[in-house]
Amino acid sequence: MKYKSTLKWLVPIIFLLALAAALAGVWPAEGESFSMTNFRGETVRINGRGLYTWDTVSSAAQMQANDLVMLVLGLPLLAFSYWLALRGSLRGHLLMTGTLGFILYTYITMCFGAAYNPFFLVYVALFSTSLFAFIFSMMSFNLESLPEHFTKNIPHKAIAVLLFFTAAFLTLAWLGRIAPTILEDQIPALENTTSMFIQAMDLGIIVPFSVIAGVLLLRRTAWGYLLSAVGLMKFLTMGAAVSLMGLNMARVGASISLIELVVFPIIALTNLLMVIFMLKGIKDDNKSEGSK
């Protein structure tokens with residue numbers, strides 16, 4: 001695997017930093033939430049405890065849910081796929097790349113979305129290390145031979161349709177929140193943030209990424225297989241994280257969207273099924289990993 005020596009030390013660093021950040025986020029703490037008026041004149045409820053003291057109750061519930069998903073799903077996946085990738089497994093390499101994408105997305109949002117706390121530099125370090133690890137991992141695939149490692153039994157159309165559906169759902173969900181405020185010359189409910197950074201990332205990166213991946217997969221191109229594998233892993237982890245976020249928000253009494261609470265678990269389960277199909281469709285996994 002090209003860049004193997006770089007990834008060999010970079011991935012363990014990411015694992016340890018993410019482990020520390022996630023544990024700090026879910027660590028029990030005493031304190032009480034309180035209400036305050038932000039600079040827009042909105043009344044928001046501040047968490048008042050733990051690492052996310054100055055985040056709203058809703059935001060803290062979402063970030064703690066994401067921390068839990070990182071601990072029980074993201075980091076075990078990273079460790080297992082890293083071990084497989086070092087042994088020359090294409091399945092491991094694809095899983096590792098997709099998991100690095102999940103970690104990258106997570107800590108971009110923490111850098112810009114979480115209220116400043118003592119782990120800010122850890123978030124920055126995770127943003128940086130996972131970005132370069134993701135790039136190096138993507139660059140290490142041998143694109144010329146990659147399609148040869150997949151059988152014809154992979155449900156290409158089903159995977160592409162799933163990517164298109166998820167892109168369409170995110171587009172409609174986020175524009176459904178944004179468009180009415182533009183027409184009425186208002187500001188969306190932002191709680192304690194300055195802008196809709198999650199929606200910006202999803203609409204500007206994730207949605208076009210998914211559409212491009214689906215189109216290229218239908219054409220059976222190398223980039224189609226690679227981007228689709230990464231996209232499926234992204235939506236599997238995102239679906240799991242948002243599902244748990246919704247449950248945790250309901251637990252603390254924060255408002256949630258019933259549609260999103262239903263759709264995201266379906267997205268997670270469907271992507272899990274497609275990930276299994278794609279990985280099972282890889283042949284000669286231990287003979288060649290399809291990397292330079």
# chains A, B, ... in the order shown; residues from 1 in each chain; ligands from 1
>>> select_by_dssp(residues="stretch 44-253 of chain A", states="alpha helix (DSSP H)", output="mmCIF file with C-alpha atoms, in the first residue's frame")
data_model
loop_
_atom_site.group_PDB
_atom_site.id
_atom_site.type_symbol
_atom_site.label_atom_id
_atom_site.label_comp_id
_atom_site.auth_asym_id
_atom_site.auth_seq_id
_atom_site.Cartn_x
_atom_site.Cartn_y
_atom_site.Cartn_z
ATOM 1 C CA VAL A 57 -28.721 21.347 25.773
ATOM 2 C CA SER A 58 -29.695 20.260 22.252
ATOM 3 C CA SER A 59 -26.155 20.629 20.855
ATOM 4 C CA ALA A 60 -24.595 18.856 23.836
ATOM 5 C CA ALA A 61 -27.026 15.956 23.420
ATOM 6 C CA GLN A 62 -26.059 15.651 19.753
ATOM 7 C CA MET A 63 -22.323 15.857 20.397
ATOM 8 C CA GLN A 64 -22.457 13.310 23.223
ATOM 9 C CA ALA A 65 -24.419 10.946 20.992
ATOM 10 C CA ASN A 66 -21.744 11.357 18.329
ATOM 11 C CA ASP A 67 -19.064 10.693 20.954
ATOM 12 C CA LEU A 68 -20.816 7.456 21.873
ATOM 13 C CA VAL A 69 -21.040 6.376 18.226
ATOM 14 C CA LEU A 75 -13.006 3.595 16.652
ATOM 15 C CA PRO A 76 -13.541 -0.194 16.593
ATOM 16 C CA LEU A 77 -14.052 0.062 12.825
ATOM 17 C CA LEU A 78 -10.893 2.134 12.485
ATOM 18 C CA ALA A 79 -8.813 -0.323 14.507
ATOM 19 C CA PHE A 80 -10.162 -3.400 12.714
ATOM 20 C CA SER A 81 -9.884 -1.925 9.211
ATOM 21 C CA TYR A 82 -6.389 -0.576 9.954
ATOM 22 C CA TRP A 83 -5.281 -4.071 10.978
ATOM 23 C CA LEU A 84 -6.766 -5.549 7.802
ATOM 24 C CA ALA A 85 -5.291 -2.833 5.580
ATOM 25 C CA LEU A 86 -1.787 -3.421 6.931
ATOM 26 C CA LEU A 90 -8.694 -4.279 -0.021
ATOM 27 C CA ARG A 91 -11.768 -4.633 2.186
ATOM 28 C CA GLY A 92 -9.781 -3.265 5.097
ATOM 29 C CA HIS A 93 -8.398 -0.437 3.001
ATOM 30 C CA LEU A 94 -11.873 0.614 1.849
ATOM 31 C CA LEU A 95 -13.298 0.388 5.371
ATOM 32 C CA MET A 96 -10.401 2.381 6.785
ATOM 33 C CA THR A 97 -10.781 5.111 4.175
ATOM 34 C CA GLY A 98 -14.507 5.431 4.827
ATOM 35 C CA THR A 99 -13.997 5.499 8.593
ATOM 36 C CA LEU A 100 -11.341 8.194 8.247
ATOM 37 C CA GLY A 101 -13.900 10.196 6.276
ATOM 38 C CA PHE A 102 -16.364 9.862 9.168
ATOM 39 C CA ILE A 103 -13.746 11.024 11.686
ATOM 40 C CA LEU A 104 -12.727 13.927 9.433
ATOM 41 C CA TYR A 105 -16.336 15.103 9.078
ATOM 42 C CA THR A 106 -16.938 14.739 12.816
ATOM 43 C CA TYR A 107 -14.017 16.864 13.935
ATOM 44 C CA ILE A 108 -14.505 19.521 11.291
ATOM 45 C CA THR A 109 -17.916 20.029 12.876
ATOM 46 C CA MET A 110 -16.415 20.019 16.374
ATOM 47 C CA CYS A 111 -13.826 22.647 15.413
ATOM 48 C CA PHE A 112 -16.460 25.032 14.095
ATOM 49 C CA GLY A 113 -19.615 23.963 15.931
ATOM 50 C CA PHE A 120 -10.230 22.648 21.099
ATOM 51 C CA LEU A 121 -6.632 21.904 20.061
ATOM 52 C CA VAL A 122 -7.418 18.178 20.139
ATOM 53 C CA TYR A 123 -10.254 18.821 17.673
ATOM 54 C CA VAL A 124 -7.876 20.804 15.477
ATOM 55 C CA ALA A 125 -5.291 18.003 15.628
ATOM 56 C CA LEU A 126 -7.954 15.459 14.682
ATOM 57 C CA PHE A 127 -9.180 17.676 11.849
ATOM 58 C CA SER A 128 -5.639 17.946 10.482
ATOM 59 C CA THR A 129 -4.464 14.354 10.957
ATOM 60 C CA SER A 130 -7.676 12.773 9.661
ATOM 61 C CA LEU A 131 -7.671 15.102 6.638
ATOM 62 C CA PHE A 132 -4.177 14.067 5.569
ATOM 63 C CA ALA A 133 -4.754 10.417 6.472
ATOM 64 C CA PHE A 134 -7.923 10.424 4.354
ATOM 65 C CA ILE A 135 -6.080 12.011 1.421
ATOM 66 C CA PHE A 136 -3.145 9.587 1.676
ATOM 67 C CA SER A 137 -5.514 6.632 1.964
ATOM 68 C CA MET A 138 -7.465 7.741 -1.118
ATOM 69 C CA MET A 139 -4.248 8.292 -3.078
ATOM 70 C CA HIS A 156 -24.572 -1.294 -8.621
ATOM 71 C CA LYS A 157 -27.996 0.206 -9.310
ATOM 72 C CA ALA A 158 -29.234 -0.277 -5.743
ATOM 73 C CA ILE A 159 -26.132 1.366 -4.283
ATOM 74 C CA ALA A 160 -26.384 4.272 -6.729
ATOM 75 C CA VAL A 161 -30.091 4.748 -5.969
ATOM 76 C CA LEU A 162 -29.327 4.752 -2.229
ATOM 77 C CA LEU A 163 -26.650 7.426 -2.725
ATOM 78 C CA PHE A 164 -29.042 9.504 -4.846
ATOM 79 C CA PHE A 165 -31.851 9.107 -2.303
ATOM 80 C CA THR A 166 -29.665 10.165 0.611
ATOM 81 C CA ALA A 167 -28.403 13.182 -1.342
ATOM 82 C CA ALA A 168 -31.975 14.154 -2.216
ATOM 83 C CA PHE A 169 -33.162 13.686 1.364
ATOM 84 C CA LEU A 170 -30.396 15.886 2.783
ATOM 85 C CA THR A 171 -31.080 18.525 0.146
ATOM 86 C CA LEU A 172 -34.812 18.628 0.841
ATOM 87 C CA ALA A 173 -34.370 18.458 4.620
ATOM 88 C CA TRP A 174 -31.883 21.323 4.798
ATOM 89 C CA LEU A 175 -33.486 23.503 2.132
ATOM 90 C CA GLY A 176 -36.800 22.940 3.920
ATOM 91 C CA ARG A 177 -35.295 24.711 6.923
ATOM 92 C CA ILE A 178 -33.508 27.434 4.980
ATOM 93 C CA ALA A 179 -35.875 28.413 2.146
ATOM 94 C CA PRO A 180 -38.833 29.623 4.274
ATOM 95 C CA THR A 181 -36.579 31.976 6.226
ATOM 96 C CA ILE A 182 -35.247 33.507 2.985
ATOM 97 C CA LEU A 183 -38.737 34.092 1.643
ATOM 98 C CA PHE A 197 -22.245 25.035 9.134
ATOM 99 C CA ILE A 198 -23.576 21.441 9.070
ATOM 100 C CA GLN A 199 -25.964 22.303 6.263
ATOM 101 C CA ALA A 200 -23.142 24.079 4.409
ATOM 102 C CA MET A 201 -20.943 20.974 4.593
ATOM 103 C CA VAL A 207 -24.616 15.934 -1.583
ATOM 104 C CA PRO A 208 -22.494 16.468 -4.739
ATOM 105 C CA PHE A 209 -20.071 13.759 -3.560
ATOM 106 C CA SER A 210 -22.958 11.274 -3.356
ATOM 107 C CA VAL A 211 -24.354 12.185 -6.770
ATOM 108 C CA ILE A 212 -20.933 11.946 -8.429
ATOM 109 C CA ALA A 213 -20.220 8.616 -6.695
ATOM 110 C CA GLY A 214 -23.540 7.162 -7.827
ATOM 111 C CA VAL A 215 -23.122 8.285 -11.442
ATOM 112 C CA LEU A 216 -19.561 6.959 -11.655
ATOM 113 C CA LEU A 217 -20.561 3.643 -10.066
ATOM 114 C CA LEU A 218 -23.270 3.157 -12.688
ATOM 115 C CA ALA A 222 -12.653 2.974 -10.571
ATOM 116 C CA TRP A 223 -13.604 6.260 -8.952
ATOM 117 C CA GLY A 224 -17.187 5.045 -8.803
ATOM 118 C CA TYR A 225 -16.235 2.007 -6.727
ATOM 119 C CA LEU A 226 -13.937 4.011 -4.456
ATOM 120 C CA LEU A 227 -16.245 6.989 -3.860
ATOM 121 C CA SER A 228 -19.281 4.747 -3.406
ATOM 122 C CA ALA A 229 -17.513 2.675 -0.755
ATOM 123 C CA VAL A 230 -16.525 5.846 1.092
ATOM 124 C CA GLY A 231 -20.038 7.277 0.696
ATOM 125 C CA LEU A 232 -21.703 4.136 2.059
ATOM 126 C CA MET A 233 -19.454 4.186 5.113
ATOM 127 C CA LYS A 234 -20.169 7.884 5.604
ATOM 128 C CA PHE A 235 -23.934 7.404 5.540
ATOM 129 C CA LEU A 236 -23.767 4.274 7.698
ATOM 130 C CA THR A 237 -21.953 6.154 10.454
ATOM 131 C CA MET A 238 -23.953 9.348 9.913
ATOM 132 C CA GLY A 239 -27.232 7.441 10.053
ATOM 133 C CA ALA A 240 -26.208 5.737 13.288
ATOM 134 C CA ALA A 241 -24.990 9.001 14.813
ATOM 135 C CA VAL A 242 -28.066 11.059 13.887
ATOM 136 C CA SER A 243 -30.388 8.270 15.064
ATOM 137 C CA LEU A 244 -28.730 8.262 18.473
ATOM 138 C CA MET A 245 -28.689 12.070 18.476
ATOM 139 C CA GLY A 246 -32.451 12.107 18.025
ATOM 140 C CA LEU A 247 -33.001 9.690 20.900
ATOM 141 C CA ASN A 248 -30.652 11.645 23.159
ATOM 142 C CA MET A 249 -32.319 14.934 22.248
ATOM 143 C CA ALA A 250 -35.710 13.423 23.098
ATOM 144 C CA ARG A 251 -34.286 12.275 26.429
#
>>> atom_distance(atom1="atom CA of A:Gly50", atom2="atom CA of A:Phe119")
11.8 Å
>>> residues_around(residues="stretch 43-49 of chain A", least_positions_apart="6", cutoff="8 Å", atoms="only C-alpha atoms", output="list in words")
Ala29, Glu30, Gly31, Glu32, Ser33, Phe34, Ser35, Met36, Thr37, Asp55, Thr56, Val57, Ala60, Glu191 and Asn192 of chain A
>>> atom_distance(atom1="atom CA of A:Ile154", atom2="atom CA of A:Met278")
5.9 Å
>>> closest_residue(among="A:Arg87, A:Tyr52, A:Trp27, A:Ala22", to="A:Lys8", atoms="only C-alpha atoms")
A:Arg87
>>> select_by_dssp(residues="stretch 12-169 of chain A", states="strand (DSSP E or B)", output="VMD selection string")
chain A and resid 34 to 37 43 to 46 56 141 150
>>> write_last_selection(atoms="N, CA and C atoms", output="mmCIF file, in the first residue's frame")
data_model
loop_
_atom_site.group_PDB
_atom_site.id
_atom_site.type_symbol
_atom_site.label_atom_id
_atom_site.label_comp_id
_atom_site.auth_asym_id
_atom_site.auth_seq_id
_atom_site.Cartn_x
_atom_site.Cartn_y
_atom_site.Cartn_z
ATOM 1 N N PHE A 34 -29.208 26.010 32.273
ATOM 2 C CA PHE A 34 -29.819 27.303 32.580
ATOM 3 C C PHE A 34 -30.166 28.021 31.277
ATOM 4 N N SER A 35 -31.103 28.926 31.381
ATOM 5 C CA SER A 35 -31.543 29.675 30.198
ATOM 6 C C SER A 35 -30.801 30.995 30.103
ATOM 7 N N MET A 36 -30.585 31.432 28.864
ATOM 8 C CA MET A 36 -29.975 32.736 28.637
ATOM 9 C C MET A 36 -30.463 33.283 27.308
ATOM 10 N N THR A 37 -30.293 34.576 27.122
ATOM 11 C CA THR A 37 -30.667 35.218 25.866
ATOM 12 C C THR A 37 -29.411 35.486 25.059
ATOM 13 N N THR A 43 -34.000 33.015 23.272
ATOM 14 C CA THR A 43 -33.796 32.348 24.555
ATOM 15 C C THR A 43 -33.330 30.919 24.294
ATOM 16 N N VAL A 44 -32.147 30.575 24.780
ATOM 17 C CA VAL A 44 -31.583 29.240 24.578
ATOM 18 C C VAL A 44 -31.268 28.635 25.941
ATOM 19 N N ARG A 45 -31.249 27.318 25.987
ATOM 20 C CA ARG A 45 -30.936 26.630 27.241
ATOM 21 C C ARG A 45 -29.525 26.060 27.138
ATOM 22 N N ILE A 46 -28.635 26.494 28.032
ATOM 23 C CA ILE A 46 -27.238 26.097 28.040
ATOM 24 C C ILE A 46 -27.059 24.840 28.893
ATOM 25 N N THR A 56 -25.528 24.483 23.935
ATOM 26 C CA THR A 56 -26.934 24.345 24.316
ATOM 27 C C THR A 56 -27.223 22.893 24.683
ATOM 28 N N PHE A 141 -4.797 3.949 -3.460
ATOM 29 C CA PHE A 141 -5.462 2.932 -4.280
ATOM 30 C C PHE A 141 -4.895 2.943 -5.694
ATOM 31 N N PHE A 150 -13.710 -6.331 -8.123
ATOM 32 C CA PHE A 150 -15.124 -6.430 -7.782
ATOM 33 C C PHE A 150 -15.838 -7.368 -8.752
#
>>> atom_distance(atom1="atom CA of A:Ser145", atom2="atom CA of A:Thr221")
10.5 Å
>>> decode(residues="stretch 72-121 of chain A", atoms="N, CA and C atoms", output="PDB file, in the first residue's frame")
ATOM      1  N   VAL A  72     -18.246   3.319  20.180  1.00  0.00           N
ATOM      2  CA  VAL A  72     -18.753   1.956  19.987  1.00  0.00           C
ATOM      3  C   VAL A  72     -18.730   1.499  18.532  1.00  0.00           C
ATOM      4  N   LEU A  73     -18.617   2.433  17.591  1.00  0.00           N
ATOM      5  CA  LEU A  73     -18.630   2.062  16.177  1.00  0.00           C
ATOM      6  C   LEU A  73     -17.412   2.587  15.412  1.00  0.00           C
ATOM      7  N   GLY A  74     -17.183   3.900  15.478  1.00  0.00           N
ATOM      8  CA  GLY A  74     -16.122   4.504  14.676  1.00  0.00           C
ATOM      9  C   GLY A  74     -14.731   3.982  15.001  1.00  0.00           C
ATOM     10  N   LEU A  75     -14.355   4.009  16.273  1.00  0.00           N
ATOM     11  CA  LEU A  75     -13.006   3.595  16.652  1.00  0.00           C
ATOM     12  C   LEU A  75     -12.774   2.090  16.508  1.00  0.00           C
ATOM     13  N   PRO A  76     -13.732   1.224  16.891  1.00  0.00           N
ATOM     14  CA  PRO A  76     -13.541  -0.194  16.593  1.00  0.00           C
ATOM     15  C   PRO A  76     -13.397  -0.478  15.101  1.00  0.00           C
ATOM     16  N   LEU A  77     -14.187   0.213  14.275  1.00  0.00           N
ATOM     17  CA  LEU A  77     -14.052   0.062  12.825  1.00  0.00           C
ATOM     18  C   LEU A  77     -12.679   0.509  12.344  1.00  0.00           C
ATOM     19  N   LEU A  78     -12.200   1.619  12.883  1.00  0.00           N
ATOM     20  CA  LEU A  78     -10.893   2.134  12.485  1.00  0.00           C
ATOM     21  C   LEU A  78      -9.794   1.143  12.850  1.00  0.00           C
ATOM     22  N   ALA A  79      -9.841   0.613  14.061  1.00  0.00           N
ATOM     23  CA  ALA A  79      -8.813  -0.323  14.507  1.00  0.00           C
ATOM     24  C   ALA A  79      -8.838  -1.609  13.683  1.00  0.00           C
ATOM     25  N   PHE A  80     -10.039  -2.147  13.464  1.00  0.00           N
ATOM     26  CA  PHE A  80     -10.162  -3.400  12.714  1.00  0.00           C
ATOM     27  C   PHE A  80      -9.741  -3.223  11.254  1.00  0.00           C
ATOM     28  N   SER A  81     -10.211  -2.151  10.624  1.00  0.00           N
ATOM     29  CA  SER A  81      -9.884  -1.925   9.211  1.00  0.00           C
ATOM     30  C   SER A  81      -8.410  -1.597   9.033  1.00  0.00           C
ATOM     31  N   TYR A  82      -7.824  -0.891   9.988  1.00  0.00           N
ATOM     32  CA  TYR A  82      -6.389  -0.576   9.954  1.00  0.00           C
ATOM     33  C   TYR A  82      -5.564  -1.857   9.998  1.00  0.00           C
ATOM     34  N   TRP A  83      -5.972  -2.783  10.872  1.00  0.00           N
ATOM     35  CA  TRP A  83      -5.281  -4.071  10.978  1.00  0.00           C
ATOM     36  C   TRP A  83      -5.387  -4.848   9.667  1.00  0.00           C
ATOM     37  N   LEU A  84      -6.584  -4.853   9.072  1.00  0.00           N
ATOM     38  CA  LEU A  84      -6.766  -5.549   7.802  1.00  0.00           C
ATOM     39  C   LEU A  84      -5.966  -4.889   6.682  1.00  0.00           C
ATOM     40  N   ALA A  85      -5.991  -3.560   6.642  1.00  0.00           N
ATOM     41  CA  ALA A  85      -5.291  -2.833   5.580  1.00  0.00           C
ATOM     42  C   ALA A  85      -3.790  -3.093   5.623  1.00  0.00           C
ATOM     43  N   LEU A  86      -3.218  -3.147   6.817  1.00  0.00           N
ATOM     44  CA  LEU A  86      -1.787  -3.421   6.931  1.00  0.00           C
ATOM     45  C   LEU A  86      -1.436  -4.821   6.462  1.00  0.00           C
ATOM     46  N   ARG A  87      -2.413  -5.725   6.476  1.00  0.00           N
ATOM     47  CA  ARG A  87      -2.207  -7.095   6.004  1.00  0.00           C
ATOM     48  C   ARG A  87      -2.448  -7.225   4.503  1.00  0.00           C
ATOM     49  N   GLY A  88      -2.746  -6.094   3.842  1.00  0.00           N
ATOM     50  CA  GLY A  88      -2.924  -6.105   2.395  1.00  0.00           C
ATOM     51  C   GLY A  88      -4.334  -6.379   1.930  1.00  0.00           C
ATOM     52  N   SER A  89      -5.326  -6.108   2.793  1.00  0.00           N
ATOM     53  CA  SER A  89      -6.716  -6.380   2.449  1.00  0.00           C
ATOM     54  C   SER A  89      -7.363  -5.165   1.796  1.00  0.00           C
ATOM     55  N   LEU A  90      -7.960  -5.362   0.642  1.00  0.00           N
ATOM     56  CA  LEU A  90      -8.694  -4.279  -0.021  1.00  0.00           C
ATOM     57  C   LEU A  90      -9.937  -3.915   0.782  1.00  0.00           C
ATOM     58  N   ARG A  91     -10.611  -4.918   1.340  1.00  0.00           N
ATOM     59  CA  ARG A  91     -11.768  -4.633   2.186  1.00  0.00           C
ATOM     60  C   ARG A  91     -11.367  -3.736   3.351  1.00  0.00           C
ATOM     61  N   GLY A  92     -10.257  -4.072   3.983  1.00  0.00           N
ATOM     62  CA  GLY A  92      -9.781  -3.265   5.097  1.00  0.00           C
ATOM     63  C   GLY A  92      -9.421  -1.858   4.673  1.00  0.00           C
ATOM     64  N   HIS A  93      -8.802  -1.744   3.510  1.00  0.00           N
ATOM     65  CA  HIS A  93      -8.398  -0.437   3.001  1.00  0.00           C
ATOM     66  C   HIS A  93      -9.619   0.444   2.731  1.00  0.00           C
ATOM     67  N   LEU A  94     -10.652  -0.148   2.122  1.00  0.00           N
ATOM     68  CA  LEU A  94     -11.873   0.614   1.849  1.00  0.00           C
ATOM     69  C   LEU A  94     -12.576   1.019   3.137  1.00  0.00           C
ATOM     70  N   LEU A  95     -12.668   0.082   4.083  1.00  0.00           N
ATOM     71  CA  LEU A  95     -13.298   0.388   5.371  1.00  0.00           C
ATOM     72  C   LEU A  95     -12.540   1.479   6.110  1.00  0.00           C
ATOM     73  N   MET A  96     -11.213   1.384   6.089  1.00  0.00           N
ATOM     74  CA  MET A  96     -10.401   2.381   6.785  1.00  0.00           C
ATOM     75  C   MET A  96     -10.582   3.764   6.166  1.00  0.00           C
ATOM     76  N   THR A  97     -10.613   3.826   4.855  1.00  0.00           N
ATOM     77  CA  THR A  97     -10.781   5.111   4.175  1.00  0.00           C
ATOM     78  C   THR A  97     -12.129   5.734   4.515  1.00  0.00           C
ATOM     79  N   GLY A  98     -13.193   4.925   4.488  1.00  0.00           N
ATOM     80  CA  GLY A  98     -14.507   5.431   4.827  1.00  0.00           C
ATOM     81  C   GLY A  98     -14.609   5.877   6.275  1.00  0.00           C
ATOM     82  N   THR A  99     -13.970   5.132   7.175  1.00  0.00           N
ATOM     83  CA  THR A  99     -13.997   5.499   8.593  1.00  0.00           C
ATOM     84  C   THR A  99     -13.212   6.780   8.838  1.00  0.00           C
ATOM     85  N   LEU A 100     -12.101   6.942   8.138  1.00  0.00           N
ATOM     86  CA  LEU A 100     -11.341   8.194   8.247  1.00  0.00           C
ATOM     87  C   LEU A 100     -12.185   9.375   7.770  1.00  0.00           C
ATOM     88  N   GLY A 101     -13.000   9.144   6.744  1.00  0.00           N
ATOM     89  CA  GLY A 101     -13.900  10.196   6.276  1.00  0.00           C
ATOM     90  C   GLY A 101     -14.910  10.580   7.340  1.00  0.00           C
ATOM     91  N   PHE A 102     -15.431   9.596   8.063  1.00  0.00           N
ATOM     92  CA  PHE A 102     -16.364   9.862   9.168  1.00  0.00           C
ATOM     93  C   PHE A 102     -15.691  10.680  10.266  1.00  0.00           C
ATOM     94  N   ILE A 103     -14.471  10.306  10.633  1.00  0.00           N
ATOM     95  CA  ILE A 103     -13.746  11.024  11.686  1.00  0.00           C
ATOM     96  C   ILE A 103     -13.424  12.448  11.235  1.00  0.00           C
ATOM     97  N   LEU A 104     -13.017  12.600   9.973  1.00  0.00           N
ATOM     98  CA  LEU A 104     -12.727  13.927   9.433  1.00  0.00           C
ATOM     99  C   LEU A 104     -13.958  14.817   9.517  1.00  0.00           C
ATOM    100  N   TYR A 105     -15.095  14.317   9.058  1.00  0.00           N
ATOM    101  CA  TYR A 105     -16.336  15.103   9.078  1.00  0.00           C
ATOM    102  C   TYR A 105     -16.699  15.476  10.512  1.00  0.00           C
ATOM    103  N   THR A 106     -16.565  14.513  11.423  1.00  0.00           N
ATOM    104  CA  THR A 106     -16.938  14.739  12.816  1.00  0.00           C
ATOM    105  C   THR A 106     -16.145  15.879  13.433  1.00  0.00           C
ATOM    106  N   TYR A 107     -14.826  15.877  13.222  1.00  0.00           N
ATOM    107  CA  TYR A 107     -14.017  16.864  13.935  1.00  0.00           C
ATOM    108  C   TYR A 107     -13.878  18.183  13.184  1.00  0.00           C
ATOM    109  N   ILE A 108     -14.286  18.214  11.923  1.00  0.00           N
ATOM    110  CA  ILE A 108     -14.505  19.521  11.291  1.00  0.00           C
ATOM    111  C   ILE A 108     -15.667  20.205  11.995  1.00  0.00           C
ATOM    112  N   THR A 109     -16.743  19.435  12.218  1.00  0.00           N
ATOM    113  CA  THR A 109     -17.916  20.029  12.876  1.00  0.00           C
ATOM    114  C   THR A 109     -17.606  20.433  14.315  1.00  0.00           C
ATOM    115  N   MET A 110     -16.756  19.665  14.999  1.00  0.00           N
ATOM    116  CA  MET A 110     -16.415  20.019  16.374  1.00  0.00           C
ATOM    117  C   MET A 110     -15.553  21.288  16.424  1.00  0.00           C
ATOM    118  N   CYS A 111     -14.663  21.439  15.446  1.00  0.00           N
ATOM    119  CA  CYS A 111     -13.826  22.647  15.413  1.00  0.00           C
ATOM    120  C   CYS A 111     -14.668  23.907  15.267  1.00  0.00           C
ATOM    121  N   PHE A 112     -15.688  23.834  14.419  1.00  0.00           N
ATOM    122  CA  PHE A 112     -16.460  25.032  14.095  1.00  0.00           C
ATOM    123  C   PHE A 112     -17.808  25.105  14.798  1.00  0.00           C
ATOM    124  N   GLY A 113     -18.282  23.977  15.349  1.00  0.00           N
ATOM    125  CA  GLY A 113     -19.615  23.963  15.931  1.00  0.00           C
ATOM    126  C   GLY A 113     -19.683  23.927  17.430  1.00  0.00           C
ATOM    127  N   ALA A 114     -18.664  23.334  18.073  1.00  0.00           N
ATOM    128  CA  ALA A 114     -18.695  23.236  19.533  1.00  0.00           C
ATOM    129  C   ALA A 114     -18.241  24.543  20.160  1.00  0.00           C
ATOM    130  N   ALA A 115     -18.893  24.911  21.261  1.00  0.00           N
ATOM    131  CA  ALA A 115     -18.420  26.080  22.013  1.00  0.00           C
ATOM    132  C   ALA A 115     -17.004  25.791  22.501  1.00  0.00           C
ATOM    133  N   TYR A 116     -16.174  26.822  22.549  1.00  0.00           N
ATOM    134  CA  TYR A 116     -14.770  26.626  22.926  1.00  0.00           C
ATOM    135  C   TYR A 116     -14.668  25.889  24.261  1.00  0.00           C
ATOM    136  N   ASN A 117     -13.813  24.852  24.275  1.00  0.00           N
ATOM    137  CA  ASN A 117     -13.569  24.101  25.509  1.00  0.00           C
ATOM    138  C   ASN A 117     -12.114  23.640  25.531  1.00  0.00           C
ATOM    139  N   PRO A 118     -11.642  23.020  26.611  1.00  0.00           N
ATOM    140  CA  PRO A 118     -10.219  22.651  26.716  1.00  0.00           C
ATOM    141  C   PRO A 118      -9.725  21.677  25.653  1.00  0.00           C
ATOM    142  N   PHE A 119     -10.629  21.038  24.924  1.00  0.00           N
ATOM    143  CA  PHE A 119     -10.222  20.075  23.903  1.00  0.00           C
ATOM    144  C   PHE A 119     -10.169  20.686  22.507  1.00  0.00           C
ATOM    145  N   PHE A 120     -10.232  22.010  22.417  1.00  0.00           N
ATOM    146  CA  PHE A 120     -10.230  22.648  21.099  1.00  0.00           C
ATOM    147  C   PHE A 120      -9.028  22.239  20.258  1.00  0.00           C
ATOM    148  N   LEU A 121      -7.823  22.266  20.829  1.00  0.00           N
ATOM    149  CA  LEU A 121      -6.632  21.904  20.061  1.00  0.00           C
ATOM    150  C   LEU A 121      -6.629  20.423  19.688  1.00  0.00           C
TER     151      LEU A 121
END
